[in-house]
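Asker: Just so it is clear, I am handing over coords_17.tsv, which has TSV, C-alpha atoms.
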```tsv
chain	number	residue	atom	x	y	z
A	1	MET	CA	-2.73	-31.48	72.11
A	2	ASN	CA	-4.15	-28.43	73.79
A	3	HIS	CA	-5.50	-25.19	72.40
A	4	SER	CA	-2.21	-23.27	72.78
A	5	ASP	CA	-0.31	-25.95	70.82
A	6	ASN	CA	-2.87	-25.70	68.00
A	7	SER	CA	-2.56	-21.93	68.03
A	8	LEU	CA	1.23	-22.17	67.88
A	9	ILE	CA	1.09	-24.60	64.93
A	10	CYS	CA	-1.38	-22.32	63.11
A	11	ARG	CA	0.92	-19.32	63.63
A	12	LYS	CA	3.92	-21.27	62.34
A	13	ASN	CA	1.95	-22.41	59.28
A	14	LEU	CA	0.78	-18.84	58.68
A	15	LEU	CA	4.37	-17.57	58.91
A	16	VAL	CA	5.55	-20.25	56.45
A	17	ILE	CA	2.75	-19.35	54.01
A	18	LEU	CA	3.52	-15.63	54.33
A	19	ALA	CA	7.23	-16.29	53.86
A	20	LEU	CA	6.46	-18.17	50.65
A	21	LEU	CA	3.95	-15.63	49.34
A	22	PHE	CA	6.06	-12.51	50.04
A	23	PRO	CA	8.72	-13.16	47.32
A	24	VAL	CA	6.00	-14.19	44.84
A	25	SER	CA	4.08	-10.95	45.49
A	26	LEU	CA	7.32	-8.96	45.03
A	27	PHE	CA	7.91	-10.77	41.71
A	28	ILE	CA	4.40	-9.98	40.51
A	29	VAL	CA	4.71	-6.31	41.52
A	30	GLY	CA	8.24	-6.13	40.06
A	31	CYS	CA	7.11	-7.51	36.69
A	32	GLU	CA	4.35	-5.00	36.15
A	33	ASN	CA	4.97	-3.11	32.87
A	34	LYS	CA	3.17	-0.40	31.01
A	35	GLN	CA	1.34	-1.54	27.88
A	36	SER	CA	3.45	0.86	25.77
A	37	ASP	CA	6.66	-0.81	27.08
A	38	LEU	CA	5.28	-4.24	26.19
A	39	ASN	CA	4.31	-3.04	22.70
A	40	LYS	CA	7.81	-1.66	22.12
A	41	PHE	CA	9.35	-4.93	23.29
A	42	ASN	CA	7.10	-7.00	21.04
A	43	GLN	CA	7.56	-4.79	17.96
A	44	LYS	CA	9.74	-6.28	15.29
A	45	ASP	CA	12.42	-4.03	13.90
A	46	ILE	CA	11.49	-3.35	10.29
A	47	ALA	CA	14.40	-2.58	8.00
A	48	VAL	CA	13.79	0.20	5.47
A	49	GLU	CA	16.15	1.02	2.62
A	50	VAL	CA	15.60	4.50	1.18
A	51	GLY	CA	16.44	5.60	-2.36
A	52	LYS	CA	16.23	9.20	-3.59
A	53	ASN	CA	15.52	10.41	-7.14
A	54	VAL	CA	14.98	6.85	-8.34
A	55	GLU	CA	14.70	5.78	-11.98
A	56	ILE	CA	13.77	2.17	-12.76
A	57	LYS	CA	13.75	0.80	-16.30
A	58	TYR	CA	11.49	-2.18	-16.93
A	59	SER	CA	11.98	-4.35	-20.02
A	60	VAL	CA	10.81	-7.72	-21.31
A	61	GLY	CA	13.08	-9.72	-23.60
A	62	GLY	CA	15.35	-6.71	-24.03
A	63	ILE	CA	12.45	-4.49	-25.16
A	64	LYS	CA	11.83	-1.38	-23.03
A	65	LYS	CA	8.32	-1.40	-21.57
A	66	ALA	CA	8.37	1.33	-18.92
A	67	ILE	CA	10.51	3.86	-17.09
A	68	LEU	CA	9.42	4.62	-13.55
A	69	THR	CA	10.67	7.66	-11.59
A	70	GLY	CA	10.05	8.98	-8.10
A	71	PRO	CA	11.70	11.33	-5.60
A	72	ILE	CA	11.66	8.76	-2.74
A	73	MET	CA	11.54	4.96	-2.84
A	74	ASN	CA	11.37	2.83	0.32
A	75	ARG	CA	12.16	-0.88	0.26
A	76	VAL	CA	10.50	-2.23	3.42
A	77	GLN	CA	11.62	-5.62	4.78
A	78	ASP	CA	8.44	-6.59	6.62
A	79	THR	CA	6.70	-9.98	6.90
A	80	VAL	CA	5.64	-9.38	3.29
A	81	PRO	CA	8.38	-7.17	1.77
A	82	TYR	CA	7.20	-4.24	-0.33
A	83	ILE	CA	8.43	-1.19	-2.19
A	84	GLU	CA	6.63	2.12	-1.81
A	85	PHE	CA	6.82	5.54	-3.38
A	86	PRO	CA	5.39	7.76	-0.61
A	87	LYS	CA	5.90	11.16	-2.28
A	88	SER	CA	4.85	10.50	-5.90
A	89	ILE	CA	5.47	8.29	-8.89
A	90	HIS	CA	5.62	8.87	-12.65
A	91	VAL	CA	5.69	6.10	-15.26
A	92	ASP	CA	6.20	6.34	-19.02
A	93	PHE	CA	4.98	3.24	-20.90
A	94	PHE	CA	6.52	2.42	-24.29
A	95	ASP	CA	5.20	0.71	-27.40
A	96	VAL	CA	7.14	-1.68	-29.68
A	97	ARG	CA	8.56	1.29	-31.64
A	98	ASP	CA	10.11	2.63	-28.39
A	99	SER	CA	7.66	5.58	-28.33
A	100	ILE	CA	5.72	6.64	-25.24
A	101	ASP	CA	2.13	5.41	-25.60
A	102	SER	CA	0.82	6.30	-22.13
A	103	LYS	CA	1.86	8.08	-18.94
A	104	LEU	CA	0.86	7.51	-15.33
A	105	ASP	CA	1.11	9.78	-12.28
A	106	ALA	CA	0.07	9.20	-8.66
A	107	LYS	CA	0.96	10.63	-5.29
A	108	TYR	CA	1.51	7.17	-3.74
A	109	ALA	CA	2.38	3.68	-5.01
A	110	GLN	CA	3.08	0.34	-3.34
A	111	TYR	CA	4.44	-2.85	-4.90
A	112	LYS	CA	4.50	-6.11	-2.93
A	113	GLU	CA	7.46	-8.13	-4.13
A	114	THR	CA	5.53	-11.42	-3.97
A	115	GLN	CA	2.88	-10.08	-6.38
A	116	SER	CA	2.96	-8.67	-9.89
A	117	LYS	CA	0.69	-5.72	-9.20
A	118	VAL	CA	1.19	-2.14	-8.08
A	119	PHE	CA	-1.37	-0.30	-5.95
A	120	LEU	CA	-1.67	3.40	-6.81
A	121	LYS	CA	-3.64	5.97	-4.87
A	122	ASP	CA	-4.25	9.67	-4.42
A	123	SER	CA	-4.70	11.80	-7.54
A	124	VAL	CA	-4.06	8.96	-9.99
A	125	ARG	CA	-3.92	10.07	-13.64
A	126	VAL	CA	-3.29	8.06	-16.82
A	127	ILE	CA	-2.95	9.77	-20.22
A	128	ASN	CA	-2.76	8.06	-23.64
A	129	VAL	CA	-1.24	9.41	-26.88
A	130	LYS	CA	-4.61	10.83	-28.00
A	131	GLY	CA	-4.84	12.84	-24.78
A	132	ASP	CA	-7.64	10.74	-23.25
A	133	THR	CA	-7.15	11.03	-19.50
A	134	LEU	CA	-8.26	8.81	-16.62
A	135	TYR	CA	-8.70	10.38	-13.18
A	136	CYS	CA	-9.30	8.28	-10.06
A	137	ASN	CA	-8.16	7.91	-6.45
A	138	GLU	CA	-7.29	4.21	-6.50
A	139	LEU	CA	-5.95	2.07	-9.35
A	140	TYR	CA	-4.14	-1.25	-9.74
A	141	TRP	CA	-1.52	-1.93	-12.40
A	142	ASP	CA	-1.13	-5.68	-12.83
A	143	ARG	CA	1.28	-6.84	-15.54
A	144	SER	CA	-0.13	-10.38	-15.44
A	145	ARG	CA	-3.58	-9.20	-16.65
A	146	THR	CA	-2.79	-8.96	-20.36
A	147	GLY	CA	-5.17	-6.50	-22.02
A	148	THR	CA	-6.60	-5.20	-18.71
A	149	GLU	CA	-3.43	-4.20	-16.84
A	150	PHE	CA	-5.19	-1.20	-15.22
A	151	TYR	CA	-8.26	-1.82	-13.08
A	152	THR	CA	-10.24	-0.41	-10.16
A	153	ASP	CA	-13.60	-0.85	-8.46
A	154	LYS	CA	-13.66	2.80	-7.31
A	155	PRO	CA	-15.15	5.91	-9.00
A	156	VAL	CA	-13.43	7.00	-12.23
A	157	ARG	CA	-13.60	9.93	-14.64
A	158	ILE	CA	-12.32	9.70	-18.21
A	159	ARG	CA	-11.86	12.90	-20.17
A	160	THR	CA	-11.70	12.58	-23.96
A	161	ARG	CA	-11.60	15.39	-26.54
A	162	THR	CA	-15.41	15.35	-26.79
A	163	GLU	CA	-16.76	13.72	-23.59
A	164	ILE	CA	-16.46	13.37	-19.85
A	165	LEU	CA	-17.32	9.81	-18.79
A	166	ASP	CA	-18.04	9.02	-15.12
A	167	GLY	CA	-18.51	5.61	-13.56
A	168	ILE	CA	-17.71	3.08	-10.89
A	169	GLY	CA	-15.02	0.52	-11.71
A	170	MET	CA	-12.92	0.27	-14.84
A	171	GLU	CA	-10.56	-1.99	-16.76
A	172	ALA	CA	-8.10	-0.74	-19.38
A	173	ARG	CA	-5.12	-1.74	-21.46
A	174	GLN	CA	-1.76	-0.42	-20.32
A	175	ASP	CA	-1.58	1.93	-23.32
A	176	PHE	CA	-5.04	3.23	-22.28
A	177	LYS	CA	-6.25	3.11	-25.89
A	178	GLU	CA	-9.06	0.74	-24.87
A	179	TYR	CA	-11.00	0.92	-21.62
A	180	HIS	CA	-14.27	-0.31	-20.18
A	181	ILE	CA	-16.19	1.43	-17.38
A	182	ILE	CA	-17.96	-1.29	-15.36
A	183	LYS	CA	-20.88	0.83	-14.13
A	184	PRO	CA	-21.29	4.09	-16.11
A	185	THR	CA	-22.96	6.88	-14.13
A	186	GLY	CA	-22.87	9.75	-16.61
A	187	VAL	CA	-21.68	11.12	-19.94
A	188	VAL	CA	-21.26	14.81	-20.70
A	189	SER	CA	-20.48	16.05	-24.22
A	190	VAL	CA	-17.84	18.76	-24.32
A	191	PRO	CA	-16.74	20.78	-27.35
A	192	ALA	CA	-13.21	19.94	-28.45
A	193	ALA	CA	-12.26	23.62	-28.07
A	194	GLN	CA	-12.73	23.24	-24.29
A	195	PHE	CA	-10.32	20.34	-24.07
A	196	PRO	CA	-7.46	21.25	-21.70
A	197	ASN	CA	-3.93	21.23	-23.12
```
Written as structure tokens, that's how I'd like the structure from this file.
Answerer:
Amino acid sequence: MNHSDNSLICRKNLLVILALLFPVSLFIVGCENKQSDLNKFNQKDIAVEVGKNVEIKYSVGGIKKAILTGPIMNRVQDTVPYIEFPKSIHVDFFDVRDSIDSKLDAKYAQYKETQSKVFLKDSVRVINVKGDTLYCNELYWDRSRTGTEFYTDKPVRIRTRTEILDGIGMEARQDFKEYHIIKPTGVVSVPAAQFPN
């Protein structure tokens, strides 16, 4: 075999290789996508049911325990389904005589359906029948924690008729008649006449 035959074979092999690589290179170029397009494709559609001016009554054994109200309620069907109140939430808690024994307000609440607790945040306020008031930015309400249904590890302020109590972390009964600040940081005595109505 002479040099020209080798050259001809090399050219034919090169043409065959190029012919095979050309469609593959077109496929690679043709499959190039923007990251945003890939993210949209990979996103799972999350179903959201929306309720307006919602009122939920919660009872145990036929005894009314709480009435929860909010202007907007979203039921989100995600990997872990949850219910959220994105605009605000108000809850009246009732005693065995069917009287309100505490009230709760927050600007946001979320309840995961697989858990028994509600996460509350943003301007959280709990008031008992004596007028003692808890202020905090994050609070959990867990019905399974009998005697300490409310708890947080964040800063809290409790305003009574005669004191302002500050601290980090707190546990309290649902009626907010008994509470325990985990790490007190300050107590200020206030005359009862200065107690807000």
Asker: So that I can check the surroundings of Val156 (chain A), please list as a list in words every protein, DNA and RNA residue that reaches within 10 Å of it, counting all atoms listed in the file and ignoring chain neighbours fewer than 4 positions away.
Answerer: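 My reading of the contact set: Val124, Leu134, Tyr135, Cys136, Asn137, Glu138, Leu139, Thr152, Leu165, Asp166, Gly167, Ile168, Gly169, Met170, Ile181, Ile182, Lys183, Pro184 and Thr185 of chain A.
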Asker: Calculated over only C-alpha atoms, which of the candidates A:Lys87, A:Thr146, A:Ser102, A:Phe93 has the smallest distance to Leu120 (chain A)?
Answerer: A:Lys87
Asker: Suppose you want the space between CA of Glu113 (chain A) and CA of Lys65 (chain A); what is it in Å?
Answerer: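 Those two atoms sit 18.7 Å apart.
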Asker: Find the residue from A:Phe176, A:Tyr108, A:Tyr58, A:Phe119 that sits nearest to Thr160 (chain A); use all atoms listed in the file when measuring.
Answerer: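 Smallest distance to Thr160 (chain A) is found for A:Phe176.
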Asker: Can you work out the spacing between CA of Asp95 (chain A) and CA of Glu149 (chain A) in Å, to one decimal?
Answerer: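 Here the two named atoms are 14.5 Å from each other.
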Asker: Might I get the box with edges along x, y and z of the file that holds all atoms of region 179-182 of chain A listed there, padded by 8 Å on every side, given as centre and edge lengths in Å to one decimal, as lines of an AutoDock Vina configuration file?
Answerer:
```
center_x = -14.5
center_y = 0.1
center_z = -18.5
size_x = 23.0
size_y = 18.7
size_z = 22.3
```
Asker: Give the answer as one residue: which of A:Asp142, A:Glu49, A:Glu55, A:Asp105 has the shortest atom-to-atom distance to Ile89 (chain A), using only C-alpha atoms?
Answerer: A:Asp105
Asker: In Å, with one decimal, what is the gap from CA of Val50 (chain A) to CA of Met73 (chain A)?
Answerer: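 So the two atoms, CA of Val50 (chain A) and CA of Met73 (chain A), lie 5.7 Å apart.
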Asker: Identify which of the residues A:Lys64, A:Asp122, A:Asp78, A:Val188 lies closest to Ile46 (chain A), counting only C-alpha atoms when measuring atom-to-atom distances.
Answerer: A:Asp78
Asker: Can you list, as a list in words, every protein, DNA or RNA residue that comes within 7 Å of Glu163 (chain A) when you count all atoms listed in the file, leaving out same-chain residues fewer than 6 positions away?
Answerer: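 So the residues in contact are Val187, Val188, Ser189 and Val190 of chain A.
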